[in-house]
$ cat input-v3.txt   # compact mmCIF, C-alpha atoms
# COMPACT_ATOMS: atom_id res chain seq x y z
CA MET A 1 24.70 116.43 251.06
CA ASN A 2 28.24 117.64 251.69
CA ASP A 3 31.33 116.56 249.76
CA ARG A 4 32.85 114.48 252.56
CA LYS A 5 33.09 110.83 251.62
CA ARG A 6 31.04 108.54 253.82
CA SER A 7 32.51 105.35 255.23
CA PRO A 8 30.75 101.96 255.02
CA ASN A 9 29.97 102.23 258.74
CA GLU A 10 28.27 105.59 258.26
CA VAL A 11 26.14 104.28 255.38
CA ALA A 12 25.27 101.21 257.48
CA ASP A 13 24.35 103.45 260.43
CA THR A 14 21.87 105.43 258.30
CA LEU A 15 20.26 102.30 256.86
CA ARG A 16 20.14 100.68 260.29
CA GLU A 17 18.30 103.69 261.65
CA ARG A 18 15.76 103.46 258.82
CA ILE A 19 15.13 99.84 259.75
CA ARG A 20 14.79 100.73 263.44
CA LYS A 21 12.28 103.49 262.67
CA GLY A 22 10.26 101.26 260.35
CA GLU A 23 11.04 103.28 257.24
CA LEU A 24 12.36 99.99 255.88
CA LYS A 25 10.05 97.21 257.11
CA ALA A 26 10.57 93.48 257.46
CA GLY A 27 10.34 91.87 254.03
CA ASP A 28 11.01 95.09 252.12
CA HIS A 29 13.58 94.99 249.34
CA MET A 30 16.55 97.24 249.93
CA PRO A 31 17.21 99.85 247.24
CA THR A 32 19.65 98.68 244.59
CA GLN A 33 23.36 99.25 245.17
CA SER A 34 23.45 101.79 242.35
CA LYS A 35 20.61 103.80 243.91
CA LEU A 36 22.24 103.74 247.33
CA ALA A 37 25.59 104.73 245.84
CA GLU A 38 23.92 107.68 244.11
CA GLU A 39 22.04 108.69 247.28
CA PHE A 40 25.12 108.63 249.52
CA CYS A 41 27.54 109.88 246.85
CA VAL A 42 29.87 106.92 247.34
CA GLU A 43 31.33 104.11 245.27
CA ARG A 44 29.33 100.91 245.00
CA GLY A 45 32.10 99.13 246.92
CA VAL A 46 31.28 101.26 249.96
CA VAL A 47 27.59 100.30 249.63
CA ARG A 48 28.50 96.62 249.36
CA GLN A 49 30.54 96.82 252.57
CA ALA A 50 27.68 98.61 254.35
CA LEU A 51 25.17 95.97 253.26
CA ARG A 52 27.60 93.24 254.32
CA ILE A 53 27.76 94.82 257.80
CA LEU A 54 23.96 94.80 258.10
CA HIS A 55 23.76 91.23 256.80
CA GLY A 56 26.31 90.17 259.43
CA GLU A 57 24.12 91.77 262.11
CA GLY A 58 21.12 89.73 261.00
CA LEU A 59 19.24 92.77 259.66
CA LEU A 60 19.24 91.76 255.97
CA THR A 61 18.74 88.56 254.06
CA GLU A 62 21.41 87.49 251.58
CA ALA A 63 21.10 89.16 248.18
CA ARG A 64 20.20 86.90 245.26
CA ARG A 65 21.23 87.30 241.63
CA GLY A 66 18.98 89.90 240.08
CA ALA A 67 17.30 90.85 243.37
CA PRO A 68 18.59 93.03 246.22
CA ALA A 69 18.57 91.90 249.82
CA ARG A 70 15.43 92.18 251.93
CA VAL A 71 15.02 93.42 255.49
CA ALA A 72 15.04 90.28 257.62
CA GLU A 73 11.68 89.08 258.92
CA LYS A 74 13.15 88.49 262.39
CA SER A 75 15.31 91.59 262.57
CA PRO A 76 16.96 92.14 265.98
CA LEU A 77 15.86 95.77 265.80
CA ALA A 78 12.25 94.94 264.98
CA ALA A 79 12.14 92.75 268.10
CA GLY A 80 13.23 95.66 270.27
CA GLY A 81 16.77 94.38 270.63
CA ASP A 82 19.93 95.33 268.77
CA PRO A 83 22.54 93.60 266.62
CA THR A 84 25.38 93.81 269.12
CA ARG A 85 23.60 93.00 272.37
CA GLY A 86 21.26 90.28 271.06
CA GLN A 87 21.97 86.95 272.68
CA PRO A 88 25.37 86.91 274.42
CA GLN A 89 27.81 84.61 272.63
CA PRO A 90 31.20 82.98 273.36
CA THR A 91 34.08 85.39 272.90
CA VAL A 92 35.52 84.30 269.55
CA SER A 93 32.07 83.89 267.93
CA ALA A 94 30.99 87.37 269.04
CA LEU A 95 34.28 89.24 268.75
CA GLY A 96 35.22 88.32 265.17
CA PRO A 97 32.16 89.89 263.47
CA ARG A 98 32.41 93.02 265.63
CA ILE A 99 36.08 93.52 264.66
CA ALA A 100 35.15 92.97 261.02
CA HIS A 101 32.52 95.70 261.43
CA ALA A 102 35.09 97.99 263.08
CA LEU A 103 37.56 97.51 260.21
CA ALA A 104 35.19 99.32 257.87
CA ALA A 105 36.28 102.57 259.55
CA GLU A 106 39.14 104.57 258.06
CA ASP A 107 41.10 104.68 261.32
CA VAL A 108 40.59 101.61 263.48
CA CYS A 109 41.27 101.44 267.22
CA ILE A 110 41.13 98.16 269.15
CA ASP A 111 41.70 98.19 272.92
CA ALA A 112 41.79 94.85 274.74
CA LEU A 113 42.19 93.79 278.37
CA SER A 114 42.42 90.08 279.09
CA LEU A 115 44.40 87.25 280.66
CA THR A 116 46.10 86.31 277.36
CA ALA A 117 45.75 87.43 273.73
CA GLU A 118 44.29 84.08 272.62
CA SER A 119 40.70 85.20 271.98
CA LEU A 120 41.76 88.34 270.12
CA MET A 121 44.31 86.40 268.06
CA LEU A 122 41.66 83.85 267.00
CA ALA A 123 38.91 86.41 266.45
CA LEU A 124 41.10 88.43 264.07
CA SER A 125 41.44 85.62 261.52
CA GLU A 126 38.21 86.40 259.63
CA PRO A 127 38.59 90.22 259.75
CA LEU A 128 42.16 89.93 258.46
CA ARG A 129 40.93 87.72 255.64
CA LEU A 130 38.59 90.54 254.56
CA ILE A 131 41.60 92.86 254.32
CA HIS A 132 43.66 90.33 252.35
CA GLU A 133 40.73 89.93 249.94
CA ASN A 134 40.62 93.74 249.57
CA ARG A 135 37.02 93.83 250.79
CA VAL A 136 37.96 96.39 253.46
CA LYS A 137 41.04 98.59 253.71
CA PRO A 138 41.38 100.89 256.69
CA ARG A 139 44.05 103.57 256.58
CA SER A 140 45.38 102.73 260.05
CA ILE A 141 44.94 100.16 262.83
CA THR A 142 45.99 100.98 266.40
CA THR A 143 45.86 98.12 268.87
CA ARG A 144 46.51 98.47 272.61
CA ILE A 145 46.56 95.32 274.72
CA LEU A 146 46.69 95.00 278.51
CA LEU A 147 47.88 91.65 279.90
CA PRO A 148 49.05 90.59 283.38
CA ALA A 149 52.71 91.23 284.19
CA ARG A 150 55.00 88.21 284.12
CA ASN A 151 56.13 88.24 287.76
CA ILE A 152 52.89 88.83 289.66
CA GLU A 153 51.17 86.05 291.60
CA LEU A 154 48.14 85.24 289.47
CA ALA A 155 44.79 84.44 291.04
CA PHE A 156 44.25 82.14 288.04
CA PRO A 157 45.55 80.08 286.39
CA LYS A 158 47.00 78.84 289.67
CA GLY A 159 48.21 75.37 290.55
CA LEU A 160 47.12 73.67 293.73
CA GLU A 161 49.71 73.02 296.44
CA ASP A 162 53.28 73.05 295.04
CA GLU A 163 52.30 73.10 291.37
CA SER A 164 51.98 76.86 290.83
CA LYS A 165 55.41 77.40 289.20
CA LEU A 166 54.72 75.01 286.33
CA VAL A 167 51.23 76.41 285.80
CA HIS A 168 52.52 79.98 285.85
CA GLN A 169 55.28 79.18 283.35
CA ARG A 170 52.76 77.53 281.03
CA TRP A 171 50.55 80.65 281.19
CA LEU A 172 53.53 82.94 280.56
CA THR A 173 54.63 80.91 277.53
CA GLN A 174 51.12 81.10 276.09
CA ARG A 175 50.82 84.83 276.83
CA ASN A 176 54.05 85.58 275.00
CA ALA A 177 53.48 83.24 272.03
CA GLN A 178 49.92 84.39 271.37
CA GLY A 179 50.91 88.04 271.71
CA GLN A 180 53.78 87.59 269.25
CA VAL A 181 51.51 85.90 266.69
CA LEU A 182 48.94 88.66 267.08
CA ARG A 183 51.55 91.38 266.64
CA HIS A 184 53.11 89.64 263.62
CA ASN A 185 49.73 89.21 261.87
CA LEU A 186 48.84 92.87 262.34
CA LEU A 187 52.25 94.30 261.45
CA ASN A 188 52.26 92.17 258.30
CA LEU A 189 49.45 94.41 256.99
CA ARG A 190 51.92 97.28 256.79
CA ARG A 191 54.04 95.39 254.27
CA SER A 192 51.26 93.63 252.36
CA HIS A 193 48.65 96.42 252.17
CA GLY A 194 50.38 99.66 253.17
CA ILE A 195 48.19 100.05 256.25
CA GLU A 196 49.66 102.09 259.09
CA VAL A 197 49.78 99.67 262.04
CA ASP A 198 50.67 100.29 265.68
CA VAL A 199 50.56 97.42 268.20
CA GLN A 200 51.37 98.15 271.85
CA PHE A 201 51.36 95.99 274.97
CA ARG A 202 51.38 97.04 278.62
CA ALA A 203 51.46 94.96 281.79
CA LEU A 204 48.78 94.88 284.48
CA PRO A 205 49.82 94.51 288.13
CA PHE A 206 46.80 92.26 288.84
CA THR A 207 44.82 89.31 287.45
CA PRO A 208 41.88 90.68 285.45
CA PRO A 209 38.60 89.04 286.58
CA VAL A 210 36.97 90.21 283.34
CA LYS A 211 37.87 90.71 279.70
CA LEU A 212 37.06 93.90 277.83
CA TYR A 213 37.30 94.96 274.20
CA VAL A 214 36.66 98.56 273.09
CA LEU A 215 36.35 98.99 269.31
CA ASN A 216 36.76 102.44 267.75
CA ARG A 217 35.58 103.88 271.07
CA ALA A 218 32.07 103.18 269.77
CA GLU A 219 31.52 99.60 270.94
CA ALA A 220 32.45 97.71 274.09
CA LEU A 221 32.32 93.96 274.61
CA PHE A 222 32.56 92.67 278.16
CA ALA A 223 32.79 89.19 279.72
CA TYR A 224 33.36 87.64 283.12
CA TYR A 225 36.04 84.97 283.45
CA ALA A 226 34.42 81.80 284.78
CA VAL A 227 36.95 80.17 287.11
CA ALA A 228 36.86 76.40 287.56
CA LYS A 229 39.02 73.62 288.95
CA ARG A 230 40.49 71.37 286.28
CA GLU A 231 43.44 69.12 285.41
CA GLU A 232 46.06 69.42 282.68
CA GLU A 233 49.25 67.56 281.85
CA ILE A 234 52.28 69.85 281.90
CA GLU A 235 55.79 68.48 281.37
CA ASP A 236 54.53 64.90 281.85
CA THR A 237 52.92 65.85 285.15
CA ASN A 238 49.16 65.79 285.69
CA LEU A 239 48.43 69.04 287.54
CA GLU A 240 45.33 70.33 289.28
CA MET A 241 44.68 74.05 288.92
CA TYR A 242 42.17 76.83 289.06
CA ASP A 243 41.81 78.20 285.55
CA ALA A 244 39.51 80.14 283.22
CA LEU A 245 38.73 79.25 279.61
CA GLY A 246 38.67 82.69 278.06
CA THR A 247 37.55 81.68 274.56
CA GLU A 248 34.31 80.33 276.07
CA SER A 249 33.58 83.39 278.23
CA VAL A 250 30.27 84.94 277.18
CA LEU A 251 30.54 88.44 275.73
CA PHE A 252 27.91 91.14 276.25
CA GLY A 253 27.93 93.87 273.60
CA PHE A 254 27.25 97.59 273.97
CA ASP A 255 27.01 100.07 271.07
CA SER A 256 27.14 103.81 271.78
CA ARG A 257 24.77 104.50 268.86
CA LEU A 258 21.93 102.53 270.43
CA GLY A 259 20.92 104.83 273.26
CA PRO A 260 22.17 106.51 276.44
CA ARG A 261 22.60 103.27 278.41
CA ASP A 262 24.99 101.77 275.88
CA GLU A 263 26.67 105.10 275.22
CA ALA A 264 27.46 105.51 278.93
CA PHE A 265 28.84 101.97 279.23
CA VAL A 266 31.10 102.39 276.19
CA GLU A 267 32.33 105.78 277.43
CA GLN A 268 33.08 104.48 280.92
CA SER A 269 34.80 101.37 279.53
CA ALA A 270 37.05 103.48 277.31
CA GLN A 271 37.87 105.83 280.18
CA TRP A 272 38.67 102.90 282.52
CA PHE A 273 40.97 101.35 279.92
CA ASP A 274 42.74 104.70 279.37
CA ALA A 275 43.18 105.17 283.11
CA LEU A 276 44.82 101.76 283.50
CA TRP A 277 46.99 102.29 280.43
CA ASN A 278 48.25 105.68 281.59
CA THR A 279 48.73 105.04 285.33
CA ILE A 280 49.40 101.71 287.05
CA THR A 281 50.52 99.59 284.08
CA SER A 282 54.12 99.15 282.92
CA PRO A 283 55.95 98.24 279.68
CA LEU A 284 55.45 94.61 278.65
CA THR A 285 58.03 92.54 276.79
CA LEU A 286 56.85 89.41 275.00
CA GLY A 287 59.74 87.16 275.81
$ encode --input "input-v3.txt" --output "structure tokens"
Amino acid sequence: MNDRKRSPNEVADTLRERIRKGELKAGDHMPTQSKLAEEFCVERGVVRQALRILHGEGLLTEARRGAPARVAEKSPLAAGGDPTRGQPQPTVSALGPRIAHALAAEDVCIDALSLTAESLMLALSEPLRLIHENRVKPRSITTRILLPARNIELAFPKGLEDESKLVHQRWLTQRNAQGQVLRHNLLNLRRSHGIEVDVQFRALPFTPPVKLYVLNRAEALFAYYAVAKREEEIEDTNLEMYDALGTESVLFGFDSRLGPRDEAFVEQSAQWFDALWNTITSPLTLG
């Protein structure tokens, strides 16, 4: 084994592969943390983070006092599935654990394309808690976010008849406020934990019909916006509109380590995001 220090994600990847191949079978005890630390030449804290990642993916049972975790009887890998695809879940439920997994890397990259930053803002609460508890500490976090430009005519949310201006202003207020909270929460890590943080926004010239998150260029999570007609009270006026509830959109996960199909989807998603970022988008001001 070489002298390069392994990250928690790399240790988790190796153990995950052993589970997939059946080298570690359902019901088997995992090796102790001290044995794994010795095998991988890492600190026990790295092993703990790796085991926490696998537990979050449903691959391991919870460790008990005096006994290491076991390989789960109903492991997603043993069933021929995988921990990120599994059953699609609503955005915030699915996105939070995947970001927490991504934060175990030394240099973290989060790319997001959506209608507002609401889902990403909410999903970051648990991962940020792990940092504040010193359970993970990446060296850097780079976040790039694509949101619709303020002055375009949105396909949704869109008010019926003469109500579009109020609906558009409500969306713009939410876009700006959620983006500012997201930026503040991430930049605060620079002061509190010495993490190098870079948060950038750019404006799309169209309404995105989908939302996309690319994590460390290794995972992609994708969802369709479900558009529906609904009512909401804005400025004491009950308005009808076409809208999409992004936090409830169902995310499908793809992991480049799980085969050529997923690898191709993640690669194409990252390339599509880069192309938008570098060509037809423009600077975005949250205000």
$ axis_aligned_box --input "input-v3.txt" --around "region 154-173 of chain A" --padding-each-side "5 Å" --output "JSON"
{"center_x": 49.8, "center_y": 79.1, "center_z": 287.0, "size_x": 21.2, "size_y": 22.2, "size_z": 28.9}
$ closest_residue --input "input-v3.txt" --among "A:Ala123, A:Leu172, A:Leu24, A:Ala226" --to "Ile152 (chain A)" --atoms "only C-alpha atoms"
A:Leu172
$ residues_around --input "input-v3.txt" --residues "region 268-285 of chain A" --least-positions-apart "3" --cutoff "7 Å" --atoms "only C-alpha atoms" --output "PyMOL selection string"
chain A and resi 201-205+214+217+220+264-265
$ atom_distance --input "input-v3.txt" --atom1 "CA of Ala12 (chain A)" --atom2 "CA of Ser93 (chain A)"
21.3 Å
$ residues_around --input "input-v3.txt" --residues "Glu39 (chain A)" --least-positions-apart "2" --cutoff "12 Å" --atoms "all atoms listed in the file" --output "NGL selection string"
:A and (1-2 or 6 or 11 or 14-15 or 31-37 or 41-44 or 47)
$ atom_distance --input "input-v3.txt" --atom1 "CA of Ile99 (chain A)" --atom2 "CA of Arg52 (chain A)"
13.4 Å
$ decode --input "input-v3.txt" --residues "region 76-217 of chain A" --atoms "C-alpha atoms" --output "compact mmCIF listing (two decimals), in the first residue's frame"
# COMPACT_ATOMS: atom_id res chain seq x y z
CA PRO A 76 -29.36 -2.76 -1.75
CA LEU A 77 -26.31 -4.28 -3.43
CA ALA A 78 -27.25 -7.85 -2.56
CA ALA A 79 -30.63 -7.27 -4.22
CA GLY A 80 -28.95 -6.23 -7.45
CA GLY A 81 -29.62 -2.55 -6.90
CA ASP A 82 -27.41 0.19 -5.53
CA PRO A 83 -27.46 2.66 -2.64
CA THR A 84 -27.98 5.78 -4.72
CA ARG A 85 -30.50 4.58 -7.29
CA GLY A 86 -32.63 2.39 -4.98
CA GLN A 87 -36.17 3.70 -4.73
CA PRO A 88 -36.44 7.30 -6.00
CA GLN A 89 -37.19 9.70 -3.16
CA PRO A 90 -38.39 13.33 -2.77
CA THR A 91 -35.60 15.82 -3.34
CA VAL A 92 -34.73 16.89 0.20
CA SER A 93 -34.90 13.32 1.58
CA ALA A 94 -32.59 12.01 -1.14
CA LEU A 95 -30.28 15.00 -1.57
CA GLY A 96 -29.24 15.53 2.06
CA PRO A 97 -27.59 12.10 2.57
CA ARG A 98 -25.85 12.29 -0.82
CA ILE A 99 -24.35 15.71 0.03
CA ALA A 100 -23.26 14.34 3.41
CA HIS A 101 -21.53 11.51 1.55
CA ALA A 102 -19.89 14.01 -0.82
CA LEU A 103 -18.55 16.09 2.08
CA ALA A 104 -16.28 13.22 3.08
CA ALA A 105 -14.07 14.16 0.11
CA GLU A 106 -11.15 16.53 0.64
CA ASP A 107 -12.26 18.91 -2.12
CA VAL A 108 -16.02 19.06 -2.56
CA CYS A 109 -17.81 20.28 -5.69
CA ILE A 110 -21.59 20.78 -5.78
CA ASP A 111 -23.24 21.87 -9.05
CA ALA A 112 -26.97 22.59 -9.01
CA LEU A 113 -29.52 23.61 -11.63
CA SER A 114 -33.04 24.36 -10.44
CA LEU A 115 -35.90 26.85 -10.30
CA THR A 116 -34.88 28.17 -6.85
CA ALA A 117 -32.26 27.19 -4.26
CA GLU A 118 -34.89 25.98 -1.77
CA SER A 119 -34.22 22.23 -1.99
CA LEU A 120 -30.45 22.65 -1.83
CA MET A 121 -30.74 25.09 1.09
CA LEU A 122 -32.90 22.63 3.07
CA ALA A 123 -30.87 19.55 2.12
CA LEU A 124 -27.64 21.15 3.36
CA SER A 125 -28.83 21.44 6.97
CA GLU A 126 -27.80 17.91 8.02
CA PRO A 127 -24.48 17.86 6.09
CA LEU A 128 -23.53 21.23 7.60
CA ARG A 129 -24.33 19.88 11.05
CA LEU A 130 -21.77 17.10 10.46
CA ILE A 131 -19.15 19.76 9.75
CA HIS A 132 -20.07 21.80 12.83
CA GLU A 133 -19.77 18.62 14.92
CA ASN A 134 -16.31 18.04 13.40
CA ARG A 135 -17.41 14.66 12.04
CA VAL A 136 -16.29 15.66 8.54
CA LYS A 137 -13.98 18.47 7.46
CA PRO A 138 -13.33 18.97 3.77
CA ARG A 139 -10.51 21.27 2.75
CA SER A 140 -12.64 23.16 0.22
CA ILE A 141 -16.25 23.41 -0.98
CA THR A 142 -17.03 24.85 -4.42
CA THR A 143 -20.70 25.39 -5.20
CA ARG A 144 -22.05 26.52 -8.58
CA ILE A 145 -25.76 27.22 -8.89
CA LEU A 146 -27.79 27.91 -12.03
CA LEU A 147 -31.15 29.66 -11.53
CA PRO A 148 -33.50 31.43 -13.98
CA ALA A 149 -32.72 35.07 -14.75
CA ARG A 150 -34.92 37.65 -13.07
CA ASN A 151 -36.41 39.27 -16.18
CA ILE A 152 -37.33 36.28 -18.34
CA GLU A 153 -40.94 35.18 -18.79
CA LEU A 154 -41.15 32.00 -16.76
CA ALA A 155 -43.14 29.00 -17.97
CA PHE A 156 -43.82 28.32 -14.27
CA PRO A 157 -44.61 29.60 -11.75
CA LYS A 158 -46.99 31.62 -13.90
CA GLY A 159 -50.20 33.34 -12.91
CA LEU A 160 -53.35 32.90 -14.92
CA GLU A 161 -54.76 35.90 -16.80
CA ASP A 162 -53.48 39.22 -15.35
CA GLU A 163 -51.87 37.73 -12.24
CA SER A 164 -48.41 36.92 -13.61
CA LYS A 165 -46.61 40.00 -12.22
CA LEU A 166 -47.45 39.18 -8.61
CA VAL A 167 -46.57 35.52 -9.06
CA HIS A 168 -43.28 36.39 -10.75
CA GLN A 169 -42.34 38.84 -8.00
CA ARG A 170 -43.10 36.23 -5.35
CA TRP A 171 -40.84 33.72 -7.15
CA LEU A 172 -38.06 36.31 -7.51
CA THR A 173 -38.22 37.19 -3.81
CA GLN A 174 -37.96 33.52 -2.89
CA ARG A 175 -35.13 32.90 -5.36
CA ASN A 176 -33.08 35.74 -3.90
CA ALA A 177 -33.81 35.03 -0.22
CA GLN A 178 -33.09 31.30 -0.44
CA GLY A 179 -29.93 31.91 -2.44
CA GLN A 180 -28.69 34.43 0.12
CA VAL A 181 -29.32 32.03 3.02
CA LEU A 182 -27.54 29.25 1.16
CA ARG A 183 -24.55 31.45 0.40
CA HIS A 184 -24.37 32.75 3.99
CA ASN A 185 -24.50 29.23 5.49
CA LEU A 186 -21.69 28.01 3.24
CA LEU A 187 -19.46 31.07 3.56
CA ASN A 188 -19.83 30.88 7.34
CA LEU A 189 -17.74 27.68 7.20
CA ARG A 190 -14.75 29.76 6.16
CA ARG A 191 -14.84 31.70 9.41
CA SER A 192 -15.94 28.90 11.74
CA HIS A 193 -13.87 25.99 10.38
CA GLY A 194 -11.24 27.47 8.05
CA ILE A 195 -12.71 25.70 5.02
CA GLU A 196 -12.03 27.31 1.66
CA VAL A 197 -15.49 28.11 0.27
CA ASP A 198 -16.51 29.43 -3.14
CA VAL A 199 -20.21 30.00 -3.95
CA GLN A 200 -21.15 31.22 -7.43
CA PHE A 201 -24.49 31.90 -9.11
CA ARG A 202 -25.28 32.31 -12.80
CA ALA A 203 -28.57 33.07 -14.55
CA LEU A 204 -30.34 30.82 -17.04
CA PRO A 205 -32.21 32.40 -19.97
CA PHE A 206 -35.00 29.78 -19.70
CA THR A 207 -37.23 27.98 -17.20
CA PRO A 208 -35.59 24.65 -16.32
CA PRO A 209 -38.10 21.78 -16.73
CA VAL A 210 -35.83 19.58 -14.58
CA LYS A 211 -33.54 19.90 -11.59
CA LEU A 212 -30.03 18.48 -11.56
CA TYR A 213 -27.37 18.09 -8.90
CA VAL A 214 -23.83 16.88 -9.71
CA LEU A 215 -21.73 16.00 -6.65
CA ASN A 216 -17.95 15.79 -6.94
CA ARG A 217 -18.45 14.94 -10.61
